[in-house]
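The structure appears below as structure tokens.
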Amino acid sequence: MDIIGWITDVGSSLPTPLVWALGALFSFTESGLGLGVFVPGETIVLLLAATFDSPWPAVAFFVSVAIGGSLGDHVGYLLGRRFGTGFRDTRVIRKIGVDSWDRAVAVLERRGAAAVFLTRLVPVVRTLTPAAAGVAKVPYRSFLPASFGGALTWAAVYVGIGFLLRSSLEAAQRYLGQFSSWALVGAAVIVAIVFVVRLVRRRRAAAADGVAGASTGAVDETVAADDRAARADEAQAETSDEEARADDRGPVSSVVHAAGHAVADPVVAGASASGEFITGHLSSRRLGALRHRLFEVDDWRTVPNAITAARLLLLPVFAGLLVAELWWPALVVIGVVFATDWLDGFVARRTDSVSVLGSWLDPVADRLTVVVVAVAFATADVFGWQEAVLLLVPDVLLAVGAVLAFRGDPAVPVWWAGRLRTGLCFVGLAVLLLGVALAGPEWTSVIGVGYLVFLVGLVFHYVSAVHYARVMLVRWQRAIAERPA
């Protein structure tokens, strides 16, 4: 069984114009006919993109997918204008949730094109956004550029990921040899089992709490749970803000803990921190407020902050060693870097020394670690640039969303897949580098195992990004809907 060969055979058996047409068709039907609720068009587009082995046909495929998606948006928009509020009573809306539909329409009535663009990369939600825009009577002159810009972004992400993913799977095939296909299938089965177990546990917990998907009308319990979690996180963030303002008049220990837990996940917290840093430069007042919050609210001279700073200082050392092909010293340094990612949080919790600066700096260090390690691995030809790009795309998108929708502060809590993603990526990269350091053809399998673990972590990376995007969207919609007109 050869997965890469099967994909290649399928791609070569279909005329290239037909693949372009299929991409446009599925992106059109998902956006225009609401089939995205039942058929994941992005998965089909991704698989079709993986059939290309040269860039120019893939570029033409990207254009066809973007055009098909925007045309589908227009059909949905026209249907929404035609049927108006009657859309609310359709089976599709009952499936996804009437409350979610009402909230989306309310946001579109107040924010218009911005909501059309921001929801484009959120699965399921984006499918009915064009129809909701029509119901909300968003002006067409605003809808058109938002739709086309969103379709271009969506097509670029999924076509690009599919095209790069093929190169990544080919690399795994080289490392694992004849066992590559079985290893990939086994990894896919393990990922599926993890999610099935989590889904079953969540549904049992929801049933025990008297929360059923049918009662909320959500497309599944995950969406409903995200919605409830977002409401709790928003209340916690508001409480933390009020305590922080009170803390300006005197040190309060509990404020430090609230600030330390307000943003817990490395990916979203990194987007939050970097977004806040960017927006802080837009005005001296924001920059001064950020400086005050980081260095004057509490004592920032702590051991955990020193550990995080040491991690940052070790990153250029690791990059230099890797580029110089000093594999064993680089392996030791990256092992220390990965260990400090756990150690600073552990020491902060055990010594009750969580600080505002630490809660801001730690996710920034996490994101910089990912960037530096990915770029260094690609520069040293440990793996290709496609892996580095695949690793960075979700972080960039979440950071942009955090800046546009929250001015850099989405305050999204940690999710189990995010924790698992970080561990798998770090372990996979370390084992991969170990195989390179051992050298010799007999150690190629070690490289393959590390690469395979990294790929599994990459899957959870994207799953986590989708989850965080959905939670951010719920929080943003609620904030807009509850804001006075």
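To be explicit about the labels: the chains of the structure tokens are called A, B, and onward in the order shown, and within each one the residues are counted from 1, while ligands get numbers from 1 in the order they are shown.
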Could you pull out the helix (DSSP H, G or I) residues of region 293-428 of chain A from DSSP and send them as an MDAnalysis selection string?
chainID A and resid 293:295 303:323 327:350 356:379 385:406 416:428
Produce a file of the selected residues containing C-alpha atoms, as a short mmCIF file (atom, residue, chain, number, x, y, z; two decimals), in the first residue's frame.
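Generated file (again02.cif):
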```cif
data_model
loop_
_atom_site.label_atom_id
_atom_site.label_comp_id
_atom_site.auth_asym_id
_atom_site.auth_seq_id
_atom_site.Cartn_x
_atom_site.Cartn_y
_atom_site.Cartn_z
CA ARG A 293 1.10 46.42 33.40
CA LEU A 294 4.24 44.39 32.73
CA PHE A 295 6.70 46.05 35.08
CA VAL A 303 13.02 32.97 38.93
CA PRO A 304 10.41 31.80 36.36
CA ASN A 305 10.94 34.98 34.33
CA ALA A 306 14.70 34.40 34.46
CA ILE A 307 14.17 30.86 33.14
CA THR A 308 12.02 32.20 30.29
CA ALA A 309 14.65 34.84 29.47
CA ALA A 310 17.33 32.14 29.40
CA ARG A 311 15.21 30.19 26.92
CA LEU A 312 15.08 33.23 24.64
CA LEU A 313 18.86 33.71 24.87
CA LEU A 314 19.47 30.06 23.97
CA LEU A 315 17.44 30.25 20.74
CA PRO A 316 20.09 32.06 18.61
CA VAL A 317 22.73 29.71 20.09
CA PHE A 318 20.70 26.71 18.91
CA ALA A 319 20.16 28.23 15.46
CA GLY A 320 23.88 28.89 15.05
CA LEU A 321 24.84 25.38 16.12
CA LEU A 322 22.31 23.82 13.79
CA VAL A 323 23.34 25.87 10.76
CA TRP A 327 24.31 18.28 15.74
CA TRP A 328 25.09 17.02 19.25
CA PRO A 329 25.59 20.46 20.87
CA ALA A 330 22.44 21.65 19.07
CA LEU A 331 20.53 18.64 20.42
CA VAL A 332 21.64 19.42 23.98
CA VAL A 333 20.68 23.09 23.65
CA ILE A 334 17.24 22.37 22.16
CA GLY A 335 16.64 19.81 24.90
CA VAL A 336 17.32 22.51 27.48
CA VAL A 337 15.06 24.94 25.60
CA PHE A 338 12.17 22.46 25.51
CA ALA A 339 12.69 21.61 29.19
CA THR A 340 12.53 25.28 30.22
CA ASP A 341 9.15 25.56 28.48
CA TRP A 342 7.80 23.26 31.21
CA LEU A 343 10.12 24.34 34.01
CA ASP A 344 9.22 28.04 34.17
CA GLY A 345 5.50 27.32 34.61
CA PHE A 346 6.19 24.57 37.14
CA VAL A 347 8.41 26.82 39.27
CA ALA A 348 5.92 29.70 39.02
CA ARG A 349 3.09 27.54 40.31
CA ARG A 350 5.09 25.82 43.05
CA VAL A 356 2.03 39.65 34.70
CA LEU A 357 5.33 39.88 32.80
CA GLY A 358 5.73 36.11 32.95
CA SER A 359 2.22 35.43 31.64
CA TRP A 360 2.99 37.80 28.74
CA LEU A 361 6.56 36.70 28.10
CA ASP A 362 6.10 32.92 28.26
CA PRO A 363 3.76 32.63 25.24
CA VAL A 364 5.95 35.06 23.29
CA ALA A 365 8.91 32.78 24.03
CA ASP A 366 6.85 29.76 22.93
CA ARG A 367 6.05 31.36 19.61
CA LEU A 368 9.62 32.53 19.06
CA THR A 369 10.83 29.01 19.87
CA VAL A 370 8.57 27.57 17.18
CA VAL A 371 9.67 30.18 14.63
CA VAL A 372 13.40 29.88 15.33
CA VAL A 373 13.39 26.06 15.48
CA ALA A 374 11.35 25.73 12.28
CA VAL A 375 13.48 28.22 10.34
CA ALA A 376 16.72 26.71 11.69
CA PHE A 377 15.65 23.18 10.75
CA ALA A 378 14.75 24.35 7.24
CA THR A 379 17.95 26.42 6.83
CA TRP A 385 10.76 24.77 4.08
CA GLN A 386 7.29 23.34 3.54
CA GLU A 387 7.28 21.99 7.11
CA ALA A 388 8.33 25.37 8.47
CA VAL A 389 5.54 27.11 6.55
CA LEU A 390 2.96 24.53 7.65
CA LEU A 391 4.00 25.07 11.27
CA LEU A 392 3.76 28.86 11.10
CA VAL A 393 0.54 29.35 9.11
CA PRO A 394 -1.95 28.74 12.01
CA ASP A 395 -0.02 31.05 14.34
CA VAL A 396 0.00 33.84 11.78
CA LEU A 397 -3.72 33.49 11.08
CA LEU A 398 -4.64 33.43 14.78
CA ALA A 399 -2.42 36.44 15.43
CA VAL A 400 -4.11 38.39 12.61
CA GLY A 401 -7.54 37.43 13.92
CA ALA A 402 -6.59 38.42 17.45
CA VAL A 403 -5.38 41.83 16.30
CA LEU A 404 -8.35 42.53 14.02
CA ALA A 405 -11.13 41.28 16.29
CA PHE A 406 -9.74 41.76 19.80
CA TRP A 416 -6.25 19.59 25.53
CA ALA A 417 -5.29 19.27 21.86
CA GLY A 418 -3.12 22.37 22.20
CA ARG A 419 -1.16 20.79 25.04
CA LEU A 420 -0.83 17.53 23.11
CA ARG A 421 0.26 19.41 19.99
CA THR A 422 3.10 21.14 21.81
CA GLY A 423 4.40 17.91 23.33
CA LEU A 424 4.24 15.95 20.07
CA CYS A 425 5.95 18.65 18.02
CA PHE A 426 8.75 19.11 20.56
CA VAL A 427 9.34 15.36 20.97
CA GLY A 428 9.19 14.75 17.22
#
```
Item to complete: Give me the residues within 12 Å of Asp89 (chain A) as JSON, numbers by chain, counting only C-alpha atoms and dropping any in the same chain fewer than 5 places off.
Response: {"A": [83, 84, 94, 95, 96, 97, 98, 99, 101, 102]}
Written file, previous selection with all heavy atoms, as a PDB file, in the first residue's frame:
```pdb
ATOM      1  N   PHE A  83     -35.098  35.189   0.634  1.00  0.00           N
ATOM      2  CA  PHE A  83     -35.981  34.553   1.610  1.00  0.00           C
ATOM      3  C   PHE A  83     -36.006  35.266   2.956  1.00  0.00           C
ATOM      4  O   PHE A  83     -36.887  35.005   3.774  1.00  0.00           O
ATOM      5  CB  PHE A  83     -35.574  33.085   1.799  1.00  0.00           C
ATOM      6  CG  PHE A  83     -35.772  32.247   0.577  1.00  0.00           C
ATOM      7  CD1 PHE A  83     -34.709  31.898  -0.227  1.00  0.00           C
ATOM      8  CD2 PHE A  83     -37.047  31.823   0.219  1.00  0.00           C
ATOM      9  CE1 PHE A  83     -34.886  31.128  -1.366  1.00  0.00           C
ATOM     10  CE2 PHE A  83     -37.236  31.042  -0.914  1.00  0.00           C
ATOM     11  CZ  PHE A  83     -36.153  30.696  -1.712  1.00  0.00           C
ATOM     12  N   GLY A  84     -35.035  36.128   3.207  1.00  0.00           N
ATOM     13  CA  GLY A  84     -35.052  36.936   4.421  1.00  0.00           C
ATOM     14  C   GLY A  84     -35.076  36.105   5.690  1.00  0.00           C
ATOM     15  O   GLY A  84     -34.418  35.068   5.807  1.00  0.00           O
ATOM     16  N   ARG A  94     -31.623  24.881  11.846  1.00  0.00           N
ATOM     17  CA  ARG A  94     -31.905  24.136  13.072  1.00  0.00           C
ATOM     18  C   ARG A  94     -30.756  23.189  13.406  1.00  0.00           C
ATOM     19  O   ARG A  94     -30.477  22.912  14.572  1.00  0.00           O
ATOM     20  CB  ARG A  94     -33.206  23.343  12.920  1.00  0.00           C
ATOM     21  CG  ARG A  94     -34.457  24.216  12.888  1.00  0.00           C
ATOM     22  CD  ARG A  94     -35.701  23.369  13.124  1.00  0.00           C
ATOM     23  NE  ARG A  94     -35.862  22.325  12.122  1.00  0.00           N
ATOM     24  CZ  ARG A  94     -36.513  22.482  10.971  1.00  0.00           C
ATOM     25  NH1 ARG A  94     -37.077  23.659  10.686  1.00  0.00           N
ATOM     26  NH2 ARG A  94     -36.624  21.485  10.116  1.00  0.00           N
ATOM     27  N   LYS A  95     -30.083  22.681  12.362  1.00  0.00           N
ATOM     28  CA  LYS A  95     -28.965  21.774  12.574  1.00  0.00           C
ATOM     29  C   LYS A  95     -27.792  22.503  13.212  1.00  0.00           C
ATOM     30  O   LYS A  95     -27.166  21.998  14.155  1.00  0.00           O
ATOM     31  CB  LYS A  95     -28.541  21.165  11.230  1.00  0.00           C
ATOM     32  CG  LYS A  95     -27.389  20.187  11.312  1.00  0.00           C
ATOM     33  CD  LYS A  95     -27.820  18.863  11.882  1.00  0.00           C
ATOM     34  CE  LYS A  95     -26.697  17.844  11.806  1.00  0.00           C
ATOM     35  NZ  LYS A  95     -27.046  16.567  12.448  1.00  0.00           N
ATOM     36  N   ILE A  96     -27.467  23.675  12.714  1.00  0.00           N
ATOM     37  CA  ILE A  96     -26.320  24.404  13.229  1.00  0.00           C
ATOM     38  C   ILE A  96     -26.644  25.165  14.503  1.00  0.00           C
ATOM     39  O   ILE A  96     -25.772  25.479  15.305  1.00  0.00           O
ATOM     40  CB  ILE A  96     -25.760  25.372  12.156  1.00  0.00           C
ATOM     41  CG1 ILE A  96     -24.354  25.832  12.530  1.00  0.00           C
ATOM     42  CG2 ILE A  96     -26.663  26.568  11.964  1.00  0.00           C
ATOM     43  CD1 ILE A  96     -23.680  26.643  11.445  1.00  0.00           C
ATOM     44  N   GLY A  97     -27.933  25.481  14.719  1.00  0.00           N
ATOM     45  CA  GLY A  97     -28.330  26.162  15.951  1.00  0.00           C
ATOM     46  C   GLY A  97     -28.968  27.508  15.675  1.00  0.00           C
ATOM     47  O   GLY A  97     -28.335  28.393  15.078  1.00  0.00           O
ATOM     48  N   VAL A  98     -30.211  27.676  16.102  1.00  0.00           N
ATOM     49  CA  VAL A  98     -30.924  28.940  15.876  1.00  0.00           C
ATOM     50  C   VAL A  98     -30.239  30.084  16.614  1.00  0.00           C
ATOM     51  O   VAL A  98     -30.133  31.203  16.092  1.00  0.00           O
ATOM     52  CB  VAL A  98     -32.402  28.799  16.311  1.00  0.00           C
ATOM     53  CG1 VAL A  98     -33.120  30.146  16.207  1.00  0.00           C
ATOM     54  CG2 VAL A  98     -33.112  27.756  15.462  1.00  0.00           C
ATOM     55  N   ASP A  99     -29.768  29.816  17.836  1.00  0.00           N
ATOM     56  CA  ASP A  99     -29.099  30.867  18.595  1.00  0.00           C
ATOM     57  C   ASP A  99     -27.846  31.361  17.880  1.00  0.00           C
ATOM     58  O   ASP A  99     -27.582  32.564  17.826  1.00  0.00           O
ATOM     59  CB  ASP A  99     -28.725  30.355  19.995  1.00  0.00           C
ATOM     60  CG  ASP A  99     -29.952  30.115  20.861  1.00  0.00           C
ATOM     61  OD1 ASP A  99     -31.023  30.673  20.516  1.00  0.00           O
ATOM     62  OD2 ASP A  99     -29.848  29.376  21.856  1.00  0.00           O
ATOM     63  N   TRP A 101     -27.325  31.239  14.685  1.00  0.00           N
ATOM     64  CA  TRP A 101     -27.778  31.978  13.505  1.00  0.00           C
ATOM     65  C   TRP A 101     -28.197  33.398  13.896  1.00  0.00           C
ATOM     66  O   TRP A 101     -27.799  34.372  13.239  1.00  0.00           O
ATOM     67  CB  TRP A 101     -28.925  31.242  12.841  1.00  0.00           C
ATOM     68  CG  TRP A 101     -29.614  32.014  11.752  1.00  0.00           C
ATOM     69  CD1 TRP A 101     -30.766  32.738  11.866  1.00  0.00           C
ATOM     70  CD2 TRP A 101     -29.201  32.148  10.388  1.00  0.00           C
ATOM     71  NE1 TRP A 101     -31.094  33.309  10.666  1.00  0.00           N
ATOM     72  CE2 TRP A 101     -30.146  32.964   9.735  1.00  0.00           C
ATOM     73  CE3 TRP A 101     -28.127  31.653   9.651  1.00  0.00           C
ATOM     74  CZ2 TRP A 101     -30.049  33.295   8.395  1.00  0.00           C
ATOM     75  CZ3 TRP A 101     -28.028  31.981   8.305  1.00  0.00           C
ATOM     76  CH2 TRP A 101     -28.979  32.792   7.696  1.00  0.00           C
ATOM     77  N   ASP A 102     -28.983  33.527  14.944  1.00  0.00           N
ATOM     78  CA  ASP A 102     -29.432  34.855  15.374  1.00  0.00           C
ATOM     79  C   ASP A 102     -28.249  35.739  15.745  1.00  0.00           C
ATOM     80  O   ASP A 102     -28.241  36.937  15.430  1.00  0.00           O
ATOM     81  CB  ASP A 102     -30.376  34.734  16.576  1.00  0.00           C
ATOM     82  CG  ASP A 102     -31.708  34.092  16.206  1.00  0.00           C
ATOM     83  OD1 ASP A 102     -32.048  34.087  15.009  1.00  0.00           O
ATOM     84  OD2 ASP A 102     -32.409  33.599  17.117  1.00  0.00           O
TER      85      ASP A 102
END
```
Test item: residues at most 12 Å from Pro55 (chain A), only C-alpha atoms, excluding those fewer than 5 positions along its chain, as a ChimeraX atom specification
/A:49-50,60-62,159-160,162-164,167
From the list A:Leu79, A:Arg291, A:Thr90, A:Ala132, the nearest residue to Val105 (chain A) using only C-alpha atoms is A:Ala132
